[in-house]
Each structure stands twice: as structure tokens, then as C-alpha cells.
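The file work21.pdb contains PDB, C-alpha atoms:
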ATOM      1  CA  MET Q  52     129.934  72.374  74.149
ATOM      2  CA  HIS Q  53     127.885  69.686  72.399
ATOM      3  CA  HIS Q  54     128.699  66.155  73.481
ATOM      4  CA  VAL Q  55     128.918  63.755  70.538
ATOM      5  CA  GLY Q  56     126.490  60.897  70.926
ATOM      6  CA  GLU Q  57     124.480  62.808  73.530
ATOM      7  CA  SER Q  58     121.560  65.136  72.986
ATOM      8  CA  HIS Q  59     122.465  67.917  75.422
ATOM      9  CA  VAL Q  60     124.795  70.913  75.487
ATOM     10  CA  SER Q  61     126.733  71.847  78.589
ATOM     11  CA  VAL Q  62     128.546  74.928  79.851
ATOM     12  CA  THR Q  63     130.969  75.145  82.778
ATOM     13  CA  ALA Q  64     132.058  78.388  84.444
ATOM     14  CA  VAL Q  65     135.712  78.909  85.334
ATOM     15  CA  GLY Q  66     134.837  81.417  88.071
ATOM     16  CA  ASN Q  67     131.755  83.415  89.074
ATOM     17  CA  GLU Q  68     130.715  84.458  85.552
ATOM     18  CA  VAL Q  69     127.095  84.191  84.423
ATOM     19  CA  LEU Q  70     126.893  82.347  81.103
ATOM     20  CA  TYR Q  71     123.917  81.992  78.775
ATOM     21  CA  MET Q  72     123.006  79.723  75.896
ATOM     22  CA  SER Q  73     121.531  81.676  72.966
ATOM     23  CA  ALA Q  74     118.836  80.237  70.749
ATOM     24  CA  PRO Q  75     119.733  79.462  67.116
ATOM     25  CA  PRO Q  76     118.127  81.420  64.220
ATOM     26  CA  GLU Q  77     115.223  78.975  63.756
ATOM     27  CA  PHE Q  78     113.905  80.113  67.174
ATOM     28  CA  LEU Q  79     114.030  83.813  66.208
ATOM     29  CA  GLY Q  80     112.315  86.234  63.836
ATOM     30  CA  ASN Q  81     108.553  86.566  63.479
ATOM     31  CA  LEU Q  82     107.130  84.370  66.231
ATOM     32  CA  ARG Q  83     103.959  86.385  66.774
ATOM     33  CA  SER Q  84     101.986  83.132  66.490
ATOM     34  CA  SER Q  85     103.842  81.929  69.622
ATOM     35  CA  TYR Q  86     101.996  84.522  71.711
ATOM     36  CA  GLY Q  87     100.157  82.737  74.506
ATOM     37  CA  GLN Q  88     101.921  79.468  73.690
ATOM     38  CA  LEU Q  89     104.711  77.517  75.389
ATOM     39  CA  PHE Q  90     108.501  77.740  75.390
ATOM     40  CA  GLY Q  91     110.423  75.048  77.210
ATOM     41  CA  PHE Q  92     113.426  72.810  77.674
ATOM     42  CA  SER Q  93     115.007  70.234  79.982
ATOM     43  CA  PHE Q  94     117.814  71.381  82.262
ATOM     44  CA  ARG Q  95     120.042  70.160  85.066
ATOM     45  CA  VAL Q  96     123.107  71.286  87.007
ATOM     46  CA  ALA Q  97     126.133  69.147  87.868
ATOM     47  CA  SER Q  98     126.039  70.145  91.555
ATOM     48  CA  MET Q  99     123.457  71.744  93.855
ATOM     49  CA  GLU Q 100     126.078  73.600  95.911
ATOM     50  CA  GLY Q 101     125.388  77.350  95.872
ATOM     51  CA  VAL Q 102     122.530  77.187  93.305
ATOM     52  CA  GLN Q 103     120.543  80.457  93.084
ATOM     53  CA  VAL Q 104     117.936  81.617  90.559
ATOM     54  CA  ASN Q 105     117.561  85.262  89.475
ATOM     55  CA  ARG Q 106     115.226  87.516  87.517
ATOM     56  CA  GLY Q 107     117.304  87.314  84.306
ATOM     57  CA  ASP Q 108     117.475  83.523  83.975
ATOM     58  CA  ILE Q 109     115.352  83.471  80.812
ATOM     59  CA  ILE Q 110     115.545  86.531  78.520
ATOM     60  CA  PHE Q 111     113.520  87.307  75.374
ATOM     61  CA  GLU Q 112     114.800  90.310  73.386
ATOM     62  CA  GLY Q 113     113.001  92.078  70.545
ATOM     63  CA  GLU Q 114     113.780  95.121  68.480
ATOM     64  CA  ASP Q 115     114.232  98.651  69.867
ATOM     65  CA  GLY Q 116     115.497  97.311  73.216
ATOM     66  CA  LEU Q 117     112.188  95.654  74.105
ATOM     67  CA  GLN Q 118     112.895  92.747  76.450
ATOM     68  CA  VAL Q 119     111.265  90.577  79.099
ATOM     69  CA  SER Q 120     112.902  88.157  81.495
ATOM     70  CA  THR Q 121     111.969  85.781  84.268
ATOM     71  CA  ARG Q 122     113.391  83.429  86.874
ATOM     72  CA  LEU Q 123     114.041  79.797  85.995
ATOM     73  CA  ASN Q 124     111.609  78.716  88.722
ATOM     74  CA  ALA Q 125     108.785  81.081  87.662
ATOM     75  CA  GLN Q 126     105.445  79.633  86.513
ATOM     76  CA  ASN Q 127     105.709  76.740  88.989
ATOM     77  CA  ASN Q 128     108.964  75.472  87.480
ATOM     78  CA  PRO Q 129     111.436  73.762  89.830
ATOM     79  CA  VAL Q 130     114.760  75.030  91.150
ATOM     80  CA  PRO Q 131     117.548  73.312  89.160
ATOM     81  CA  SER Q 132     118.722  69.933  90.423
ATOM     82  CA  THR Q 133     121.219  67.275  89.352
ATOM     83  CA  ALA Q 134     118.525  65.372  87.427
ATOM     84  CA  PHE Q 135     117.081  66.673  84.159
ATOM     85  CA  GLN Q 136     113.771  68.458  84.790
ATOM     86  CA  SER Q 137     111.289  70.049  82.398
ATOM     87  CA  TYR Q 138     110.859  73.832  82.380
ATOM     88  CA  ILE Q 139     107.839  75.296  80.585
ATOM     89  CA  PHE Q 140     106.993  78.998  80.209
ATOM     90  CA  ARG Q 141     103.829  80.552  78.786
ATOM     91  CA  LEU Q 142     104.608  83.491  76.466
ATOM     92  CA  HIS Q 143     102.010  85.961  77.706
ATOM     93  CA  GLU Q 144     101.966  89.221  79.648
ATOM     94  CA  ASP Q 145      99.735  88.006  82.509
ATOM     95  CA  PRO Q 146     101.493  89.283  85.700
ATOM     96  CA  SER Q 147     101.059  85.904  87.407
ATOM     97  CA  LEU Q 148     103.487  84.410  84.851
ATOM     98  CA  GLY Q 149     106.432  86.401  86.208
ATOM     99  CA  TRP Q 150     107.731  88.152  83.079
ATOM    100  CA  GLU Q 151     109.459  91.441  83.943
ATOM    101  CA  PRO Q 152     109.105  94.228  83.307
ATOM    102  CA  MET Q 153     105.331  93.960  83.080
ATOM    103  CA  VAL Q 154     104.255  94.871  79.549
ATOM    104  CA  ARG Q 155     100.926  95.222  77.723
ATOM    105  CA  GLY Q 156      99.703  92.399  75.492
ATOM    106  CA  PHE Q 157     100.452  94.554  72.437
ATOM    107  CA  ASP Q 158     104.080  94.950  73.554
ATOM    108  CA  PHE Q 159     104.543  91.220  74.248
ATOM    109  CA  GLN Q 160     103.237  90.500  70.739
ATOM    110  CA  LYS Q 161     105.477  93.232  69.320
ATOM    111  CA  LEU Q 162     108.471  91.564  71.023
ATOM    112  CA  LEU Q 163     107.558  88.213  69.441
ATOM    113  CA  ASN Q 164     106.937  89.849  66.061
ATOM    114  CA  ASN Q 165     110.687  90.368  65.575
ATOM    115  CA  LEU Q 166     112.415  88.248  68.212
ATOM    116  CA  LYS Q 167     116.161  88.996  68.188
ATOM    117  CA  SER Q 168     117.355  86.598  70.899
ATOM    118  CA  ILE Q 169     116.371  84.062  73.516
ATOM    119  CA  LYS Q 170     118.899  83.497  76.281
ATOM    120  CA  ILE Q 171     118.834  80.707  78.850
ATOM    121  CA  ARG Q 172     121.089  81.089  81.854
ATOM    122  CA  MET Q 173     123.328  78.032  82.154
ATOM    123  CA  ILE Q 174     125.314  78.743  85.340
ATOM    124  CA  PHE Q 175     123.570  78.968  88.728
ATOM    125  CA  ALA Q 176     126.571  78.687  91.080
ATOM    126  CA  PRO Q 177     130.279  79.641  91.078
ATOM    127  CA  GLN Q 178     132.244  77.244  88.854
ATOM    128  CA  GLY Q 179     128.948  75.547  88.070
ATOM    129  CA  THR Q 180     127.940  73.429  85.110
ATOM    130  CA  GLY Q 181     124.577  73.545  83.355
ATOM    131  CA  LEU Q 182     123.232  70.972  80.905
ATOM    132  CA  LEU Q 183     120.423  71.790  78.460
ATOM    133  CA  GLU Q 184     118.378  69.672  76.046
ATOM    134  CA  ASN Q 185     114.997  69.399  74.277
ATOM    135  CA  VAL Q 186     114.448  73.137  73.690
ATOM    136  CA  PHE Q 187     111.130  73.941  71.978
ATOM    137  CA  ILE Q 188     108.811  76.832  71.210
ATOM    138  CA  GLU Q 189     105.216  76.430  70.048
ATOM    139  CA  SER Q 190     104.550  78.413  66.909
ATOM    140  CA  ALA Q 191     102.655  78.250  63.624
ATOM    141  CA  ILE Q 192     103.507  79.064  60.018
ATOM    142  CA  PHE Q 193     100.792  80.201  57.630
ATOM    143  CA  ASP Q 194     100.239  77.585  54.922
ATOM    144  CA  PRO Q 195      97.078  78.224  52.890
ATOM    145  CA  SER Q 196      97.315  74.742  51.329
ATOM    146  CA  SER Q 197      97.199  72.954  54.687
ATOM    147  CA  PRO Q 198      93.837  71.573  55.826
ATOM    148  CA  LEU Q 199      95.026  71.772  59.441
ATOM    149  CA  GLY Q 200      94.205  74.863  61.454
ATOM    150  CA  VAL Q 201      95.887  76.170  64.565
ATOM    151  CA  PRO Q 202      93.261  77.172  67.121
ATOM    152  CA  TRP Q 203      95.304  79.924  68.793
ATOM    153  CA  VAL Q 204      96.127  81.917  65.628
ATOM    154  CA  GLU Q 205      93.613  84.569  64.693
ATOM    155  CA  GLU Q 206      92.071  84.650  61.248
ATOM    156  CA  CYS Q 207      91.352  88.193  60.141
ATOM    157  CA  THR Q 208      88.822  89.597  57.728
ATOM    158  CA  CYS Q 209      90.398  92.900  56.792
ATOM    159  CA  PRO Q 210      88.564  96.192  56.231
ATOM    160  CA  GLU Q 211      88.860  97.625  52.687
ATOM    161  CA  PRO Q 212      92.169  99.537  53.012
ATOM    162  CA  TYR Q 213      94.100  96.578  54.551
ATOM    163  CA  THR Q 214      95.364  93.152  53.555
ATOM    164  CA  GLY Q 215      97.665  90.437  54.922
ATOM    165  CA  ASN Q 216      97.383  87.640  57.487
ATOM    166  CA  HIS Q 217      96.998  90.208  60.279
ATOM    167  CA  CYS Q 218      95.701  93.184  58.220
ATOM    168  CA  GLU Q 219      99.213  94.627  58.498
ATOM    169  CA  GLN Q 220      99.616  95.756  54.849
ATOM    170  CA  CYS Q 221      97.957  98.357  52.652
ATOM    171  CA  ASN Q 222      95.559  97.017  50.034
ATOM    172  CA  ARG Q 223      96.068  97.879  46.347
ATOM    173  CA  GLY Q 224      95.337 101.565  45.796
ATOM    174  CA  TYR Q 225      96.158 102.562  49.402
ATOM    175  CA  LYS Q 226      99.440 103.698  50.980
ATOM    176  CA  ARG Q 227     100.890 104.256  54.437
ATOM    177  CA  GLN Q 228     100.329 107.625  56.004
ATOM    178  CA  SER Q 229     103.481 109.659  55.315
ATOM    179  CA  GLY Q 230     105.622 110.611  58.288
ATOM    180  CA  VAL Q 231     104.735 107.479  60.289
ATOM    181  CA  ASP Q 232     107.897 105.489  61.061
ATOM    182  CA  ASP Q 233     106.353 103.012  63.501
ATOM    183  CA  LYS Q 234     105.449  99.894  61.493
ATOM    184  CA  PHE Q 235     102.636  99.302  64.001
ATOM    185  CA  GLY Q 236     101.225 102.760  63.214
ATOM    186  CA  GLN Q 237      98.909 103.794  60.326
TER     187      GLN Q 237
END

Take the structure I supplied and represent it as C-alpha cells, if you would.
Amino acid sequence: MHHVGESHVSVTAVGNEVLYMSAPPEFLGNLRSSYGQLFGFSFRVASMEGVQVNRGDIIFEGEDGLQVSTRLNAQNNPVPSTAFQSYIFRLHEDPSLGWEPMVRGFDFQKLLNNLKSIKIRMIFAPQGTGLLENVFIESAIFDPSSPLGVPWVEECTCPEPYTGNHCEQCNRGYKRQSGVDDKFGQ
């Protein structure tokens, strides 16, 4: 539910159900340039009674069932309270960041390469209410005409057979090896 004149959305559970807010399309797709960057939002609950955090509070889902999740209070974030608080998560595989299951850097980047959904748990207690606002994700879009650079995005010089921003395509006169279905293969 979006409250007219207010900048937050809220969800209230009727019983013990776990409800999530899903990110809109502009937060999905190829977000490989978000690797190592920040995802965040402001959140509060209506009441502290019975509040509990769990492993699946924040879920990022990619293609082929690839997914990582974490607790709301991971990465030194607070337990929800009745006042809006900021929650910030680094999108990186470092085990100290709390993403589960643990994945390799390649797999975290693969997940962000075709991000299918981001889910934020909204209910942390029976018949609870969660309020969410100011959701953001740091990312970059390639614009060759822009004089501004983004320091965290790699700039590749591709070997002869490859082309593209990340050397992900075959150069003119070359083709993919037949029989390779994995787009991250040869």
C-alpha cells in the first residue's frame, strides 16, 4: 500500500504470514556494475513486540535458481525499530558480509548480470506492519559520450577475438564455440 502524500509503502500481516516487497523493474536486469557497491533503504516497524530477523530477510535472485540472502541486521545494520532507520548492504561475496549461501565472486557477478528479483521482508512479527522508503542501488550505465567515469567499473582492452564492454562478445570474423550453452563459456 502506498500512502498518498507520503513517501513510504507499508504492509500489514493479518496473521503469521511472511510478506515481502519486490523491487520494480528499474532495479532488475543487468546490474553487474553494482558488484561491490551498495544497496539500501529506510525501514521501520509499527511495533517492536515479537520482532525477529531471519536469514531470508533480503533476497537477491538471478537466473537458473542462483540466489543469495541475508538477515536485515547483517553488515552492522540495526534490528528494526519503530523509528525509520537506514539499512545498507554491500553487494559482494566476502563471507563477513553475511550473504548465504557463500558464493564465489564470479557467481555473485553472474547473479547481478541478470537480476530477476530483489525481495525485502516487510513483516517481522505476527500481525506486524513494516514501512519502507528510500530504496536505492548503486549502479552505472555505460555512456561513451559522458566525461564522467565510475571508478569501480572495469575498463577492458579485449584480446583480438573479443569485443564489448566486458569482452563478452565475439569480434567480427569469430564465432562462439559450437555446443557451448553457457553464455559465460567460450

Run through the PyMOL selection byres ((chain Q and resi 94) around 9) on the given coordinates and return the selected residues as a short mmCIF file (atom, residue, chain, number, x, y, z; two decimals) with C-alpha atoms, keeping the file's coordinate frame.
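Printed below is part-v4.cif as written:
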data_model
loop_
_atom_site.label_atom_id
_atom_site.label_comp_id
_atom_site.auth_asym_id
_atom_site.auth_seq_id
_atom_site.Cartn_x
_atom_site.Cartn_y
_atom_site.Cartn_z
CA HIS Q 59 122.46 67.92 75.42
CA PHE Q 92 113.43 72.81 77.67
CA SER Q 93 115.01 70.23 79.98
CA ARG Q 95 120.04 70.16 85.07
CA VAL Q 96 123.11 71.29 87.01
CA PRO Q 131 117.55 73.31 89.16
CA SER Q 132 118.72 69.93 90.42
CA THR Q 133 121.22 67.28 89.35
CA ALA Q 134 118.52 65.37 87.43
CA PHE Q 135 117.08 66.67 84.16
CA GLN Q 136 113.77 68.46 84.79
CA SER Q 137 111.29 70.05 82.40
CA TYR Q 138 110.86 73.83 82.38
CA MET Q 173 123.33 78.03 82.15
CA GLY Q 181 124.58 73.54 83.36
CA LEU Q 182 123.23 70.97 80.90
CA LEU Q 183 120.42 71.79 78.46
CA GLU Q 184 118.38 69.67 76.05
CA ASN Q 185 115.00 69.40 74.28
#

Exercise. Near Arg106 of chain Q, counting only C-alpha atoms, which residues have an atom at most 7 Å away, once you skip same-chain residues fewer than 4 positions from it, shown as a ChimeraX atom specification?
Worked result: /Q:120-122

For this session: List, as a VMD selection string, every residue that the PyMOL selection byres ((chain Q and resi 152-164) around 7) selects in the file provided.
Result: chain Q and resid 80 to 83 86 112 to 114 117 119 143 to 144 146 150 to 151 165 to 166

Those selected residues, please, written with C-alpha atoms and delivered as a JSON list (two decimals), in the coordinates of the input.
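Just written: part_29.json:
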[["chain", "number", "residue", "atom", "x", "y", "z"],
["Q", 80, "GLY", "CA", 112.32, 86.23, 63.84],
["Q", 81, "ASN", "CA", 108.55, 86.57, 63.48],
["Q", 82, "LEU", "CA", 107.13, 84.37, 66.23],
["Q", 83, "ARG", "CA", 103.96, 86.38, 66.77],
["Q", 86, "TYR", "CA", 102.00, 84.52, 71.71],
["Q", 112, "GLU", "CA", 114.80, 90.31, 73.39],
["Q", 113, "GLY", "CA", 113.00, 92.08, 70.54],
["Q", 114, "GLU", "CA", 113.78, 95.12, 68.48],
["Q", 117, "LEU", "CA", 112.19, 95.65, 74.10],
["Q", 119, "VAL", "CA", 111.26, 90.58, 79.10],
["Q", 143, "HIS", "CA", 102.01, 85.96, 77.71],
["Q", 144, "GLU", "CA", 101.97, 89.22, 79.65],
["Q", 146, "PRO", "CA", 101.49, 89.28, 85.70],
["Q", 150, "TRP", "CA", 107.73, 88.15, 83.08],
["Q", 151, "GLU", "CA", 109.46, 91.44, 83.94],
["Q", 165, "ASN", "CA", 110.69, 90.37, 65.58],
["Q", 166, "LEU", "CA", 112.42, 88.25, 68.21]]

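Interatomic distance, atom CA of Glu189 of chain Q against atom CA of Ser84 of chain Q: 8.2 Å.
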
Written as a compact mmCIF listing (two decimals) with C-alpha atoms, in the frame of the given file, what is the full residue list that the PyMOL selection byres ((chain Q and resi 75) around 12) yields on the file shown?
# COMPACT_ATOMS: atom_id res chain seq x y z
CA MET Q 72 123.01 79.72 75.90
CA SER Q 73 121.53 81.68 72.97
CA ALA Q 74 118.84 80.24 70.75
CA PRO Q 76 118.13 81.42 64.22
CA GLU Q 77 115.22 78.97 63.76
CA PHE Q 78 113.90 80.11 67.17
CA LEU Q 79 114.03 83.81 66.21
CA GLY Q 80 112.32 86.23 63.84
CA LEU Q 166 112.42 88.25 68.21
CA LYS Q 167 116.16 89.00 68.19
CA SER Q 168 117.36 86.60 70.90
CA ILE Q 169 116.37 84.06 73.52
CA LYS Q 170 118.90 83.50 76.28
CA ILE Q 171 118.83 80.71 78.85
CA VAL Q 186 114.45 73.14 73.69
CA PHE Q 187 111.13 73.94 71.98
CA ILE Q 188 108.81 76.83 71.21

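Comparing the minimum interatomic distances between Val65 of chain Q and each of Q:Gly107, Q:Gly179, Q:Gly224, Q:Pro210, counting all atoms listed in the file, we find that Q:Gly179 sits nearest.
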
Exercise. Which one is closest to Leu70 of chain Q: Q:Ser190, Q:Gln126, Q:Ser147, Q:Gln178? Count all atoms listed in the file.
Worked result: Q:Gln178

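Across the model, the gap from atom CA of Tyr71 of chain Q to atom CA of Arg172 of chain Q is 4.3 Å.
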
For Asn127 of chain Q, find every residue with an atom within 10 Å (counting all atoms listed in the file), except residues of its own chain fewer than 3 positions away, and show them as a CSV table (one decimal) with C-alpha atoms, in the coordinates of the input.
chain,number,residue,atom,x,y,z
Q,123,LEU,CA,114.0,79.8,86.0
Q,124,ASN,CA,111.6,78.7,88.7
Q,130,VAL,CA,114.8,75.0,91.2
Q,138,TYR,CA,110.9,73.8,82.4
Q,139,ILE,CA,107.8,75.3,80.6
Q,140,PHE,CA,107.0,79.0,80.2
Q,148,LEU,CA,103.5,84.4,84.9

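The space separating atom CA of Thr63 of chain Q from atom CA of Gly101 of chain Q comes to 14.4 Å.
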